file work.cif (mmCIF, C-alpha atoms)
data_upload
#
loop_
_atom_site.group_PDB
_atom_site.id
_atom_site.type_symbol
_atom_site.label_atom_id
_atom_site.label_comp_id
_atom_site.auth_asym_id
_atom_site.auth_seq_id
_atom_site.Cartn_x
_atom_site.Cartn_y
_atom_site.Cartn_z
ATOM 1 C CA MET A 50 211.696 55.752 76.956
ATOM 2 C CA LEU A 51 209.279 57.280 79.419
ATOM 3 C CA ASP A 52 207.034 54.868 81.282
ATOM 4 C CA LYS A 53 203.356 55.080 80.373
ATOM 5 C CA SER A 54 202.510 55.717 84.013
ATOM 6 C CA PHE A 55 204.151 59.133 83.579
ATOM 7 C CA PHE A 56 201.312 60.106 81.222
ATOM 8 C CA ASN A 57 198.622 60.479 83.889
ATOM 9 C CA SER A 58 195.928 63.110 84.383
ATOM 10 C CA LYS A 59 197.751 64.795 87.283
ATOM 11 C CA ASN A 60 200.893 65.325 85.219
ATOM 12 C CA ILE A 61 198.878 66.433 82.189
ATOM 13 C CA ASN A 62 197.326 69.186 84.312
ATOM 14 C CA ILE A 63 200.749 70.222 85.612
ATOM 15 C CA TRP A 64 202.223 70.357 82.103
ATOM 16 C CA SER A 65 199.327 72.486 80.917
ATOM 17 C CA ALA A 66 199.802 74.901 83.807
ATOM 18 C CA VAL A 67 203.543 75.379 83.388
ATOM 19 C CA GLY A 68 203.607 75.457 79.572
ATOM 20 C CA PRO A 69 205.717 73.629 76.984
ATOM 21 C CA ARG A 70 209.111 75.060 77.981
ATOM 22 C CA ALA A 71 208.917 73.959 81.619
ATOM 23 C CA SER A 72 207.331 70.674 80.528
ATOM 24 C CA TYR A 73 210.407 70.047 78.378
ATOM 25 C CA GLY A 74 212.568 70.196 81.491
ATOM 26 C CA LEU A 75 210.235 67.954 83.489
ATOM 27 C CA ALA A 76 210.217 65.293 80.774
ATOM 28 C CA MET A 77 213.967 65.323 80.252
ATOM 29 C CA TYR A 78 214.547 65.017 84.009
ATOM 30 C CA GLU A 79 212.336 61.918 84.093
ATOM 31 C CA MET A 80 214.059 60.452 81.061
ATOM 32 C CA ALA A 81 217.528 61.006 82.521
ATOM 33 C CA LYS A 82 216.678 58.745 85.476
ATOM 34 C CA THR A 83 216.786 55.639 83.277
ATOM 35 C CA ARG A 84 219.015 56.514 80.301
ATOM 36 C CA ASP A 85 222.793 56.556 80.558
ATOM 37 C CA ASP A 86 223.091 57.474 76.872
ATOM 38 C CA LEU A 87 221.221 60.777 77.238
ATOM 39 C CA MET A 88 222.868 64.169 76.664
ATOM 40 C CA ILE A 89 221.323 67.650 76.646
ATOM 41 C CA ILE A 90 223.255 70.570 75.150
ATOM 42 C CA THR A 91 221.977 74.113 75.615
ATOM 43 C CA ALA A 92 223.005 77.609 74.606
ATOM 44 C CA ASP A 93 222.653 79.412 77.943
ATOM 45 C CA VAL A 94 218.971 78.543 78.475
ATOM 46 C CA SER A 95 218.860 76.143 81.438
ATOM 47 C CA THR A 96 216.266 78.223 83.283
ATOM 48 C CA SER A 97 214.233 79.106 80.185
ATOM 49 C CA ALA A 98 214.031 75.425 79.231
ATOM 50 C CA GLY A 99 213.130 74.269 82.747
ATOM 51 C CA LEU A 100 216.463 72.462 83.090
ATOM 52 C CA ASP A 101 217.919 73.885 86.319
ATOM 53 C CA ARG A 102 217.049 70.793 88.371
ATOM 54 C CA TYR A 103 218.266 68.525 85.548
ATOM 55 C CA ARG A 104 221.576 70.420 85.384
ATOM 56 C CA ARG A 105 222.039 70.083 89.154
ATOM 57 C CA ASP A 106 221.205 66.374 89.434
ATOM 58 C CA PHE A 107 222.626 65.065 86.147
ATOM 59 C CA PRO A 108 225.716 67.199 85.435
ATOM 60 C CA GLU A 109 227.331 64.387 83.442
ATOM 61 C CA LYS A 110 224.375 64.430 81.042
ATOM 62 C CA TYR A 111 224.310 68.189 80.515
ATOM 63 C CA LEU A 112 226.504 70.647 78.642
ATOM 64 C CA ASP A 113 225.983 74.414 78.321
ATOM 65 C CA VAL A 114 228.051 75.928 75.506
ATOM 66 C CA GLY A 115 226.990 79.502 76.232
ATOM 67 C CA ILE A 116 225.648 81.780 73.526
ATOM 68 C CA ALA A 117 227.354 79.753 70.780
ATOM 69 C CA GLU A 118 224.617 77.974 68.852
ATOM 70 C CA GLN A 119 226.817 76.956 65.922
ATOM 71 C CA ASN A 120 229.193 75.204 68.309
ATOM 72 C CA MET A 121 226.189 73.611 70.008
ATOM 73 C CA ILE A 122 225.190 71.791 66.809
ATOM 74 C CA GLY A 123 228.750 70.745 66.002
ATOM 75 C CA ILE A 124 229.280 69.332 69.495
ATOM 76 C CA ALA A 125 225.868 67.637 69.414
ATOM 77 C CA ALA A 126 226.719 65.935 66.115
ATOM 78 C CA GLY A 127 230.009 64.675 67.513
ATOM 79 C CA ILE A 128 228.397 63.226 70.638
ATOM 80 C CA ALA A 129 225.592 61.709 68.548
ATOM 81 C CA SER A 130 228.229 59.958 66.418
ATOM 82 C CA GLU A 131 229.170 58.036 69.589
ATOM 83 C CA ASN A 132 225.607 56.648 69.842
ATOM 84 C CA PHE A 133 224.270 59.054 72.452
ATOM 85 C CA LYS A 134 220.677 60.308 72.370
ATOM 86 C CA VAL A 135 221.391 64.020 72.005
ATOM 87 C CA TYR A 136 218.920 66.854 72.601
ATOM 88 C CA THR A 137 219.744 70.509 71.946
ATOM 89 C CA THR A 138 217.647 73.500 72.910
ATOM 90 C CA THR A 139 217.526 77.271 72.802
ATOM 91 C CA PHE A 140 215.029 79.870 71.603
ATOM 92 C CA ALA A 141 213.608 78.999 68.184
ATOM 93 C CA PRO A 142 215.285 81.706 66.013
ATOM 94 C CA PHE A 143 218.685 80.815 67.477
ATOM 95 C CA GLN A 144 218.103 77.049 67.335
ATOM 96 C CA THR A 145 217.417 77.301 63.603
ATOM 97 C CA ALA A 146 218.509 80.425 61.710
ATOM 98 C CA ARG A 147 221.688 81.189 63.639
ATOM 99 C CA CYS A 148 223.158 77.722 63.096
ATOM 100 C CA LEU A 149 221.444 76.731 59.856
ATOM 101 C CA GLU A 150 224.658 75.817 58.018
ATOM 102 C CA GLN A 151 225.727 73.496 60.825
ATOM 103 C CA ILE A 152 222.283 71.879 60.826
ATOM 104 C CA LYS A 153 222.509 71.389 57.061
ATOM 105 C CA VAL A 154 226.011 69.903 57.063
ATOM 106 C CA ASN A 155 226.189 67.967 60.336
ATOM 107 C CA LEU A 156 222.616 66.720 60.627
ATOM 108 C CA GLY A 157 221.143 66.839 57.130
ATOM 109 C CA TYR A 158 224.153 65.925 55.001
ATOM 110 C CA MET A 159 226.139 63.821 57.494
ATOM 111 C CA LYS A 160 222.975 62.306 59.034
ATOM 112 C CA HIS A 161 224.021 62.569 62.671
ATOM 113 C CA LYS A 162 220.839 62.135 64.704
ATOM 114 C CA VAL A 163 220.021 65.038 67.035
ATOM 115 C CA CYS A 164 216.729 66.274 68.508
ATOM 116 C CA MET A 165 216.585 70.083 68.338
ATOM 117 C CA THR A 166 213.943 71.937 70.337
ATOM 118 C CA GLY A 167 213.084 75.515 69.422
ATOM 119 C CA LEU A 168 211.696 77.277 72.495
ATOM 120 C CA ALA A 169 208.964 79.925 72.214
ATOM 121 C CA SER A 170 208.494 79.832 68.461
ATOM 122 C CA GLY A 171 205.828 81.807 66.640
ATOM 123 C CA LEU A 172 204.741 85.115 68.202
ATOM 124 C CA VAL A 173 204.832 84.404 71.933
ATOM 125 C CA LEU A 174 207.984 86.508 72.473
ATOM 126 C CA GLY A 175 206.455 89.440 70.617
ATOM 127 C CA THR A 176 207.372 91.939 73.342
ATOM 128 C CA LEU A 177 211.027 91.386 72.371
ATOM 129 C CA GLY A 178 210.325 92.152 68.711
ATOM 130 C CA TYR A 179 210.691 90.081 65.577
ATOM 131 C CA THR A 180 214.296 89.184 66.325
ATOM 132 C CA HIS A 181 212.831 86.822 68.927
ATOM 133 C CA CYS A 182 209.638 85.883 67.108
ATOM 134 C CA SER A 183 210.086 82.922 64.784
ATOM 135 C CA ILE A 184 207.794 82.765 61.772
ATOM 136 C CA GLU A 185 210.367 81.252 59.374
ATOM 137 C CA ASP A 186 211.772 78.205 61.181
ATOM 138 C CA ILE A 187 209.607 75.500 59.598
ATOM 139 C CA GLY A 188 210.401 76.796 56.114
ATOM 140 C CA MET A 189 214.136 76.780 56.767
ATOM 141 C CA ILE A 190 214.360 73.335 58.338
ATOM 142 C CA ARG A 191 211.802 71.742 55.990
ATOM 143 C CA SER A 192 214.085 72.336 52.998
ATOM 144 C CA ILE A 193 216.933 70.311 54.556
ATOM 145 C CA PRO A 194 216.855 66.546 53.857
ATOM 146 C CA ASN A 195 216.941 63.967 56.658
ATOM 147 C CA ILE A 196 215.276 66.124 59.314
ATOM 148 C CA SER A 197 211.696 65.659 60.556
ATOM 149 C CA ILE A 198 209.610 68.510 62.006
ATOM 150 C CA VAL A 199 206.973 68.312 64.736
ATOM 151 C CA SER A 200 204.955 71.211 66.154
ATOM 152 C CA PRO A 201 203.156 69.827 69.254
ATOM 153 C CA ALA A 202 199.564 70.888 69.932
ATOM 154 C CA ASP A 203 200.035 71.219 73.700
ATOM 155 C CA SER A 204 202.492 70.545 76.516
ATOM 156 C CA PHE A 205 201.501 66.889 76.723
ATOM 157 C CA GLU A 206 202.220 66.365 73.036
ATOM 158 C CA THR A 207 205.577 68.060 73.540
ATOM 159 C CA ILE A 208 206.513 65.294 75.947
ATOM 160 C CA LYS A 209 205.128 62.600 73.639
ATOM 161 C CA THR A 210 207.364 63.990 70.877
ATOM 162 C CA LEU A 211 210.500 64.056 73.041
ATOM 163 C CA ASN A 212 209.798 60.443 73.945
ATOM 164 C CA ALA A 213 209.176 59.397 70.327
ATOM 165 C CA PHE A 214 212.557 60.740 69.203
ATOM 166 C CA ILE A 215 214.351 57.890 70.977
ATOM 167 C CA ASP A 216 213.177 55.394 68.328
ATOM 168 C CA HIS A 217 212.946 57.829 65.402
ATOM 169 C CA ASP A 218 215.286 57.174 62.482
ATOM 170 C CA GLN A 219 216.564 60.711 61.817
ATOM 171 C CA SER A 220 217.098 64.132 63.323
ATOM 172 C CA LEU A 221 214.056 66.001 64.576
ATOM 173 C CA TYR A 222 213.143 69.642 65.048
ATOM 174 C CA ILE A 223 210.497 70.234 67.727
ATOM 175 C CA ARG A 224 208.816 73.622 67.401
ATOM 176 C CA LEU A 225 207.278 74.804 70.678
ATOM 177 C CA THR A 226 204.571 77.468 70.402
ATOM 178 C CA GLY A 227 202.262 79.134 72.905
ATOM 179 C CA GLY A 228 202.928 80.227 76.466
ATOM 180 C CA SER A 229 201.866 79.294 79.964
ATOM 181 C CA PRO A 230 199.322 78.307 80.945
ATOM 182 C CA ASN A 231 199.074 76.143 77.848
ATOM 183 C CA PRO A 232 195.505 75.011 76.965
ATOM 184 C CA LYS A 233 195.040 71.253 76.900
ATOM 185 C CA VAL A 234 194.159 69.603 73.603
ATOM 186 C CA TYR A 235 194.486 66.127 75.150
ATOM 187 C CA GLU A 236 193.007 65.207 78.531
ATOM 188 C CA SER A 237 194.391 61.650 78.653
ATOM 189 C CA ASP A 238 196.978 59.420 77.010
ATOM 190 C CA TYR A 239 196.646 58.711 73.291
ATOM 191 C CA GLU A 240 198.543 57.125 70.414
ATOM 192 C CA PHE A 241 201.212 59.418 68.976
ATOM 193 C CA LYS A 242 203.423 58.642 66.007
ATOM 194 C CA ILE A 243 205.746 60.976 64.145
ATOM 195 C CA GLY A 244 204.373 61.378 60.616
ATOM 196 C CA LYS A 245 200.739 60.472 61.410
ATOM 197 C CA GLY A 246 198.112 63.186 61.762
ATOM 198 C CA ILE A 247 195.391 62.806 64.399
ATOM 199 C CA VAL A 248 191.688 63.354 63.679
ATOM 200 C CA LEU A 249 190.291 65.308 66.632
ATOM 201 C CA ASN A 250 186.793 65.870 65.249
ATOM 202 C CA LYS A 251 184.837 64.131 62.499
ATOM 203 C CA GLY A 252 183.026 66.135 59.833
ATOM 204 C CA GLU A 253 182.152 65.969 56.164
ATOM 205 C CA ASP A 254 181.685 69.616 55.130
ATOM 206 C CA ILE A 255 185.165 71.072 55.479
ATOM 207 C CA ALA A 256 188.553 69.955 56.818
ATOM 208 C CA ILE A 257 190.632 72.118 59.140
ATOM 209 C CA ILE A 258 194.292 71.187 59.498
ATOM 210 C CA SER A 259 196.384 72.804 62.189
ATOM 211 C CA CYS A 260 199.542 72.373 64.250
ATOM 212 C CA GLY A 261 201.114 73.769 67.394
ATOM 213 C CA SER A 262 199.198 76.176 69.602
ATOM 214 C CA SER A 263 196.871 76.954 66.681
ATOM 215 C CA VAL A 264 195.165 73.589 67.264
ATOM 216 C CA ASN A 265 193.495 75.014 70.355
ATOM 217 C CA ILE A 266 191.898 77.932 68.499
ATOM 218 C CA ALA A 267 190.947 75.514 65.710
ATOM 219 C CA THR A 268 188.923 73.461 68.210
ATOM 220 C CA GLU A 269 186.962 76.596 69.139
ATOM 221 C CA VAL A 270 186.381 77.379 65.467
ATOM 222 C CA VAL A 271 185.016 73.863 64.896
ATOM 223 C CA LYS A 272 182.575 74.204 67.814
ATOM 224 C CA ASP A 273 181.191 77.535 66.599
ATOM 225 C CA LEU A 274 180.899 76.389 63.003
ATOM 226 C CA LYS A 275 178.693 73.515 64.159
ATOM 227 C CA ASN A 276 176.653 75.325 66.819
ATOM 228 C CA ILE A 277 176.078 78.596 64.970
ATOM 229 C CA ASN A 278 176.551 77.857 61.269
ATOM 230 C CA LYS A 279 175.528 74.163 61.145
ATOM 231 C CA ILE A 280 178.798 73.293 59.405
ATOM 232 C CA ASN A 281 180.447 69.993 60.329
ATOM 233 C CA ALA A 282 184.220 70.353 60.211
ATOM 234 C CA LYS A 283 186.787 67.601 60.393
ATOM 235 C CA LEU A 284 189.710 68.758 62.545
ATOM 236 C CA ILE A 285 193.174 67.277 62.109
ATOM 237 C CA ASN A 286 196.116 67.866 64.390
ATOM 238 C CA MET A 287 198.909 67.684 61.806
ATOM 239 C CA HIS A 288 201.629 67.769 64.435
ATOM 240 C CA THR A 289 204.195 66.456 61.967
ATOM 241 C CA ILE A 290 204.872 68.895 59.143
ATOM 242 C CA LYS A 291 207.660 66.731 57.723
ATOM 243 C CA PRO A 292 207.031 64.011 56.756
ATOM 244 C CA ILE A 293 203.447 65.132 56.087
ATOM 245 C CA ASP A 294 200.693 62.537 56.415
ATOM 246 C CA ALA A 295 199.715 62.162 52.743
ATOM 247 C CA GLU A 296 197.184 59.430 53.526
ATOM 248 C CA VAL A 297 194.944 61.643 55.637
ATOM 249 C CA LEU A 298 195.282 64.485 53.120
ATOM 250 C CA ASN A 299 194.134 62.237 50.286
ATOM 251 C CA GLU A 300 191.120 61.192 52.337
ATOM 252 C CA ILE A 301 189.951 64.722 53.179
ATOM 253 C CA ASN A 302 190.511 65.847 49.605
ATOM 254 C CA ASP A 303 188.010 63.204 48.496
ATOM 255 C CA THR A 304 185.401 63.729 51.197
ATOM 256 C CA THR A 305 185.220 67.454 52.062
ATOM 257 C CA LYS A 306 184.381 70.678 50.193
ATOM 258 C CA LEU A 307 187.090 72.978 51.538
ATOM 259 C CA ILE A 308 190.505 72.554 53.159
ATOM 260 C CA VAL A 309 191.729 75.126 55.686
ATOM 261 C CA THR A 310 195.194 75.255 57.225
ATOM 262 C CA ILE A 311 195.882 77.282 60.376
ATOM 263 C CA GLU A 312 199.427 77.867 61.629
ATOM 264 C CA GLU A 313 201.405 80.401 63.647
ATOM 265 C CA HIS A 314 204.040 80.645 60.919
ATOM 266 C CA ASN A 315 204.663 82.532 57.703
ATOM 267 C CA ILE A 316 202.105 81.464 55.087
ATOM 268 C CA ILE A 317 205.134 80.660 52.904
ATOM 269 C CA GLY A 318 207.082 77.509 53.719
ATOM 270 C CA GLY A 319 205.068 76.116 56.629
ATOM 271 C CA LEU A 320 202.175 73.706 57.132
ATOM 272 C CA GLY A 321 200.026 75.294 54.434
ATOM 273 C CA SER A 322 202.813 74.980 51.878
ATOM 274 C CA ALA A 323 203.438 71.354 52.855
ATOM 275 C CA VAL A 324 199.731 70.542 52.428
ATOM 276 C CA CYS A 325 199.633 72.269 49.019
ATOM 277 C CA GLU A 326 202.650 70.292 47.838
ATOM 278 C CA ALA A 327 201.138 66.996 48.969
ATOM 279 C CA LEU A 328 197.814 67.751 47.253
ATOM 280 C CA SER A 329 199.395 68.982 44.008
ATOM 281 C CA ASP A 330 199.861 65.430 42.692
ATOM 282 C CA LEU A 331 196.163 64.567 42.972
ATOM 283 C CA ASN A 332 193.812 64.747 39.997
ATOM 284 C CA LYS A 333 191.029 66.337 42.057
ATOM 285 C CA LYS A 334 192.067 69.330 44.118
ATOM 286 C CA ASN A 335 189.796 70.942 46.652
ATOM 287 C CA LYS A 336 189.886 74.648 47.333
ATOM 288 C CA HIS A 337 192.453 75.361 50.022
ATOM 289 C CA ILE A 338 192.764 78.529 52.093
ATOM 290 C CA MET A 339 195.824 79.211 54.246
ATOM 291 C CA ILE A 340 195.586 81.112 57.510
ATOM 292 C CA GLY A 341 198.967 82.127 58.870
ATOM 293 C CA HIS A 342 201.288 85.042 59.434
ATOM 294 C CA PRO A 343 201.590 87.334 56.372
ATOM 295 C CA ASP A 344 204.904 87.341 54.534
ATOM 296 C CA SER A 345 206.150 90.464 56.309
ATOM 297 C CA TYR A 346 207.688 91.671 59.555
ATOM 298 C CA GLY A 347 205.659 93.832 61.888
ATOM 299 C CA LYS A 348 206.318 95.634 65.119
ATOM 300 C CA GLY A 349 206.505 93.854 68.445
ATOM 301 C CA GLY A 350 203.684 93.558 70.929
ATOM 302 C CA GLU A 351 201.961 91.341 73.463
ATOM 303 C CA TYR A 352 201.193 87.804 72.314
ATOM 304 C CA LYS A 353 197.397 88.119 72.217
ATOM 305 C CA PHE A 354 197.650 91.488 70.474
ATOM 306 C CA LEU A 355 199.824 90.035 67.709
ATOM 307 C CA LEU A 356 197.586 86.987 67.291
ATOM 308 C CA ASN A 357 194.554 89.230 66.788
ATOM 309 C CA LYS A 358 196.450 91.649 64.555
ATOM 310 C CA TYR A 359 197.525 88.905 62.171
ATOM 311 C CA GLY A 360 194.186 87.136 61.883
ATOM 312 C CA PHE A 361 194.361 84.317 64.415
ATOM 313 C CA SER A 362 191.160 85.264 66.241
ATOM 314 C CA LYS A 363 188.272 82.815 66.156
ATOM 315 C CA GLU A 364 186.024 85.420 64.526
ATOM 316 C CA ASN A 365 188.455 86.173 61.710
ATOM 317 C CA ILE A 366 189.070 82.517 60.923
ATOM 318 C CA ILE A 367 185.352 81.718 60.817
ATOM 319 C CA GLY A 368 184.732 84.755 58.602
ATOM 320 C CA LYS A 369 187.323 83.550 56.084
ATOM 321 C CA ILE A 370 185.869 80.061 56.057
ATOM 322 C CA LEU A 371 182.300 81.264 55.451
ATOM 323 C CA LYS A 372 183.490 83.596 52.709
ATOM 324 C CA ASN A 373 185.154 80.724 50.858
ATOM 325 C CA LEU A 374 182.436 78.094 51.218
#
call {"tool": "encode", "arguments": {"input": "work.cif", "output": "C-alpha cells"}}
result
Amino acid sequence: MLDKSFFNSKNINIWSAVGPRASYGLAMYEMAKTRDDLMIITADVSTSAGLDRYRRDFPEKYLDVGIAEQNMIGIAAGIASENFKVYTTTFAPFQTARCLEQIKVNLGYMKHKVCMTGLASGLVLGTLGYTHCSIEDIGMIRSIPNISIVSPADSFETIKTLNAFIDHDQSLYIRLTGGSPNPKVYESDYEFKIGKGIVLNKGEDIAIISCGSSVNIATEVVKDLKNINKINAKLINMHTIKPIDAEVLNEINDTTKLIVTIEEHNIIGGLGSAVCEALSDLNKKNKHIMIGHPDSYGKGGEYKFLLNKYGFSKENIIGKILKNL
C-alpha cells in the first residue's frame, strides 16, 4: 500500500500536469519500493504507461510480452495464482476487446485476481481513428462476472484506485480517460472506496452522475446551472461503475426531480445503463437522461473536436438539462 504521505499537494499538482498515464507509472514505481509481491505485465507500452524508470529499476517485477495481449492476460492469471499482486496495462481497446475471451475465462470464470488498466480510453486518441478510441470497454467488461470497474475522475483518483486494488476482493478494470494536463477534481487527500460514489456538490433540484474525465465538465455544468439558471444540482462522482452504489442512487431518486448521467462512453452499456438498471427495481422512478457517445462510429479527429461533436460541451449539456426539467 502507498503511504498517505505520498498523497500531498505537490504530488497532486504533478499528477495533474503529467496526466493519468504518466501518473500510473509514478504510482507503480512508488509501490514497487515496498512490495516484493508486485508484478506489472505490459504489451509493449512501457513508455506510454510511464513505466520506463520502473522497468529499469525493478526488472524482476516487470514483464513485457510484446504486442500479445491475449498472452498477457494468460500469464497474468498464472502469476496471480501464485499470490502476486498483478497489474496489466496497454491501450484500452487492446486491454479489453482484443483479449476479452481470456479475461472472461481466466479472470471472470476462474477468479484469478488481476488489475487491468486501459490507457487512453474514450476519445482522447481520436487522431488515430476509432480503432484506438474506446467507447465500448465498460459494456464489454461489465457483463463479465467477478470483475469490478472504476473510471477515475482525475490523475489523483487513478492512483487512489491502483492503491485500493491491493485489498480488493476481485479483479479490477481501471478505465483511464482524458489527456495531459489532466484537470484536478481533488485538491487534497480524501476517502476513496471501490463501490462508493462521492458527492462533490450538494443540491436538491437535479442530480448529475458522472465518471472519468467527464466529472470535470460536470463540475462546470453545476456551477453555471446555479449561477445563471438558479438550479441547485447534486453532483456525484460515480467512479465505480461496477458494483454501482445503489444506496446513493436510491437517495437521489427520492430527493431530486431529474437524474442526468454524463460519460465518455457509448450510451449503451456504460454508466447510464448501470444507473438505469439499479433504478429499475424502485417503485418511484425519476426521469433520467443519458449524455454519452451515440451508438455509432464516426471519423477520427482531435480530442476537443470529438468531444464537442458528440455533445460533451458545457453548453450542450446544460441545454439538454433545461429542456428536460
call {"tool": "resolve_selection", "arguments": {"input": "work.cif", "expression": "the PyMOL selection byres ((chain A and resi 104-114) around 12)", "output": "short mmCIF file (atom, residue, chain, number, x, y, z; two decimals) with C-alpha atoms, in the coordinates of the input"}}
result
data_model
loop_
_atom_site.label_atom_id
_atom_site.label_comp_id
_atom_site.auth_asym_id
_atom_site.auth_seq_id
_atom_site.Cartn_x
_atom_site.Cartn_y
_atom_site.Cartn_z
CA GLY A 74 212.57 70.20 81.49
CA LEU A 75 210.24 67.95 83.49
CA MET A 77 213.97 65.32 80.25
CA TYR A 78 214.55 65.02 84.01
CA GLU A 79 212.34 61.92 84.09
CA MET A 80 214.06 60.45 81.06
CA ALA A 81 217.53 61.01 82.52
CA LYS A 82 216.68 58.74 85.48
CA THR A 83 216.79 55.64 83.28
CA ARG A 84 219.02 56.51 80.30
CA ASP A 85 222.79 56.56 80.56
CA ASP A 86 223.09 57.47 76.87
CA LEU A 87 221.22 60.78 77.24
CA MET A 88 222.87 64.17 76.66
CA ILE A 89 221.32 67.65 76.65
CA ILE A 90 223.26 70.57 75.15
CA THR A 91 221.98 74.11 75.61
CA ALA A 92 223.00 77.61 74.61
CA ASP A 93 222.65 79.41 77.94
CA VAL A 94 218.97 78.54 78.47
CA SER A 95 218.86 76.14 81.44
CA THR A 96 216.27 78.22 83.28
CA ALA A 98 214.03 75.42 79.23
CA GLY A 99 213.13 74.27 82.75
CA LEU A 100 216.46 72.46 83.09
CA ASP A 101 217.92 73.89 86.32
CA ARG A 102 217.05 70.79 88.37
CA TYR A 103 218.27 68.53 85.55
CA GLY A 115 226.99 79.50 76.23
CA ILE A 116 225.65 81.78 73.53
CA ALA A 117 227.35 79.75 70.78
CA GLU A 118 224.62 77.97 68.85
CA GLN A 119 226.82 76.96 65.92
CA ASN A 120 229.19 75.20 68.31
CA MET A 121 226.19 73.61 70.01
CA ILE A 122 225.19 71.79 66.81
CA GLY A 123 228.75 70.74 66.00
CA ILE A 124 229.28 69.33 69.50
CA ALA A 125 225.87 67.64 69.41
CA ILE A 128 228.40 63.23 70.64
CA PHE A 133 224.27 59.05 72.45
CA LYS A 134 220.68 60.31 72.37
CA VAL A 135 221.39 64.02 72.00
CA TYR A 136 218.92 66.85 72.60
CA THR A 137 219.74 70.51 71.95
CA THR A 138 217.65 73.50 72.91
CA THR A 139 217.53 77.27 72.80
#
call {"tool": "resolve_selection", "arguments": {"input": "work.cif", "expression": "the PyMOL selection byres ((chain A and resi 222) around 8)", "output": "JSON, numbers by chain"}}
result
{"A": [164, 165, 166, 167, 190, 196, 197, 198, 199, 220, 221, 223, 224]}
call {"tool": "closest_residue", "arguments": {"input": "work.cif", "among": "A:Lys251, A:Met159, A:Phe143, A:Tyr73", "to": "Leu211 (chain A)", "atoms": "all atoms listed in the file"}}
result
A:Tyr73
call {"tool": "atom_distance", "arguments": {"input": "work.cif", "atom1": "CA of Arg191 (chain A)", "atom2": "CA of Gly252 (chain A)"}}
result
29.6 Å
call {"tool": "closest_residue", "arguments": {"input": "work.cif", "among": "A:Asn357, A:Thr268, A:Ser259, A:Thr180", "to": "Val309 (chain A)", "atoms": "all atoms listed in the file"}}
result
A:Ser259
call {"tool": "closest_residue", "arguments": {"input": "work.cif", "among": "A:Tyr239, A:Phe354, A:Phe214, A:Phe205", "to": "Asn62 (chain A)", "atoms": "only C-alpha atoms"}}
result
A:Phe205
call {"tool": "closest_residue", "arguments": {"input": "work.cif", "among": "A:Lys306, A:Lys275, A:Lys162, A:Lys333", "to": "Ala129 (chain A)", "atoms": "only C-alpha atoms"}}
result
A:Lys162
call {"tool": "resolve_selection", "arguments": {"input": "work.cif", "expression": "the PyMOL selection byres ((chain A and resi 57-60) around 10)", "output": "short mmCIF file (atom, residue, chain, number, x, y, z; two decimals) with C-alpha atoms, in the frame of the given file"}}
result
data_model
loop_
_atom_site.label_atom_id
_atom_site.label_comp_id
_atom_site.auth_asym_id
_atom_site.auth_seq_id
_atom_site.Cartn_x
_atom_site.Cartn_y
_atom_site.Cartn_z
CA LYS A 53 203.36 55.08 80.37
CA SER A 54 202.51 55.72 84.01
CA PHE A 55 204.15 59.13 83.58
CA PHE A 56 201.31 60.11 81.22
CA ILE A 61 198.88 66.43 82.19
CA ASN A 62 197.33 69.19 84.31
CA ILE A 63 200.75 70.22 85.61
CA TRP A 64 202.22 70.36 82.10
CA SER A 65 199.33 72.49 80.92
CA ALA A 66 199.80 74.90 83.81
CA SER A 72 207.33 70.67 80.53
CA LEU A 75 210.24 67.95 83.49
CA PHE A 205 201.50 66.89 76.72
CA TYR A 235 194.49 66.13 75.15
CA GLU A 236 193.01 65.21 78.53
CA SER A 237 194.39 61.65 78.65
CA ASP A 238 196.98 59.42 77.01
#
call {"tool": "closest_residue", "arguments": {"input": "work.cif", "among": "A:Ala71, A:Leu331, A:Ile280, A:Ile317", "to": "Glu300 (chain A)", "atoms": "all atoms listed in the file"}}
result
A:Leu331
call {"tool": "atom_distance", "arguments": {"input": "work.cif", "atom1": "CA of Pro292 (chain A)", "atom2": "CA of Ala256 (chain A)"}}
result
19.4 Å
call {"tool": "closest_residue", "arguments": {"input": "work.cif", "among": "A:Met339, A:Tyr352, A:Asn332, A:Asn276", "to": "Ala169 (chain A)", "atoms": "all atoms listed in the file"}}
result
A:Tyr352
call {"tool": "residues_around", "arguments": {"input": "work.cif", "residues": "Ile290 (chain A)", "least_positions_apart": "4", "cutoff": "10 Å", "atoms": "all atoms listed in the file", "output": "VMD selection string"}}
result
chain A and resid 187 191 197 to 200 243 to 246 259 to 260 294 319 to 324
call {"tool": "decode", "arguments": {"input": "work.cif", "residues": "region 217-225 of chain A", "atoms": "N, CA and C atoms", "output": "CSV table (one decimal), in the first residue's frame"}}
result
chain,number,residue,atom,x,y,z
A,217,HIS,N,-8.6,-5.2,-2.6
A,217,HIS,CA,-9.9,-5.5,-3.2
A,217,HIS,C,-10.1,-7.0,-3.4
A,218,ASP,N,-11.3,-7.5,-3.4
A,218,ASP,CA,-11.5,-9.0,-3.4
A,218,ASP,C,-11.7,-9.6,-4.7
A,219,GLN,N,-11.6,-8.9,-5.8
A,219,GLN,CA,-11.7,-9.5,-7.2
A,219,GLN,C,-10.9,-8.6,-8.2
A,220,SER,N,-10.9,-9.1,-9.4
A,220,SER,CA,-10.2,-8.4,-10.5
A,220,SER,C,-10.9,-7.1,-10.7
A,221,LEU,N,-10.1,-6.1,-11.3
A,221,LEU,CA,-10.5,-4.8,-11.5
A,221,LEU,C,-10.0,-4.3,-12.8
A,222,TYR,N,-11.0,-3.6,-13.5
A,222,TYR,CA,-10.6,-2.9,-14.7
A,222,TYR,C,-10.6,-1.4,-14.4
A,223,ILE,N,-9.5,-0.7,-14.6
A,223,ILE,CA,-9.4,0.7,-14.4
A,223,ILE,C,-9.4,1.4,-15.8
A,224,ARG,N,-10.3,2.3,-16.0
A,224,ARG,CA,-10.5,2.9,-17.3
A,224,ARG,C,-10.0,4.4,-17.2
A,225,LEU,N,-8.9,4.6,-17.9
A,225,LEU,CA,-8.3,6.0,-17.8
A,225,LEU,C,-8.7,6.8,-19.0
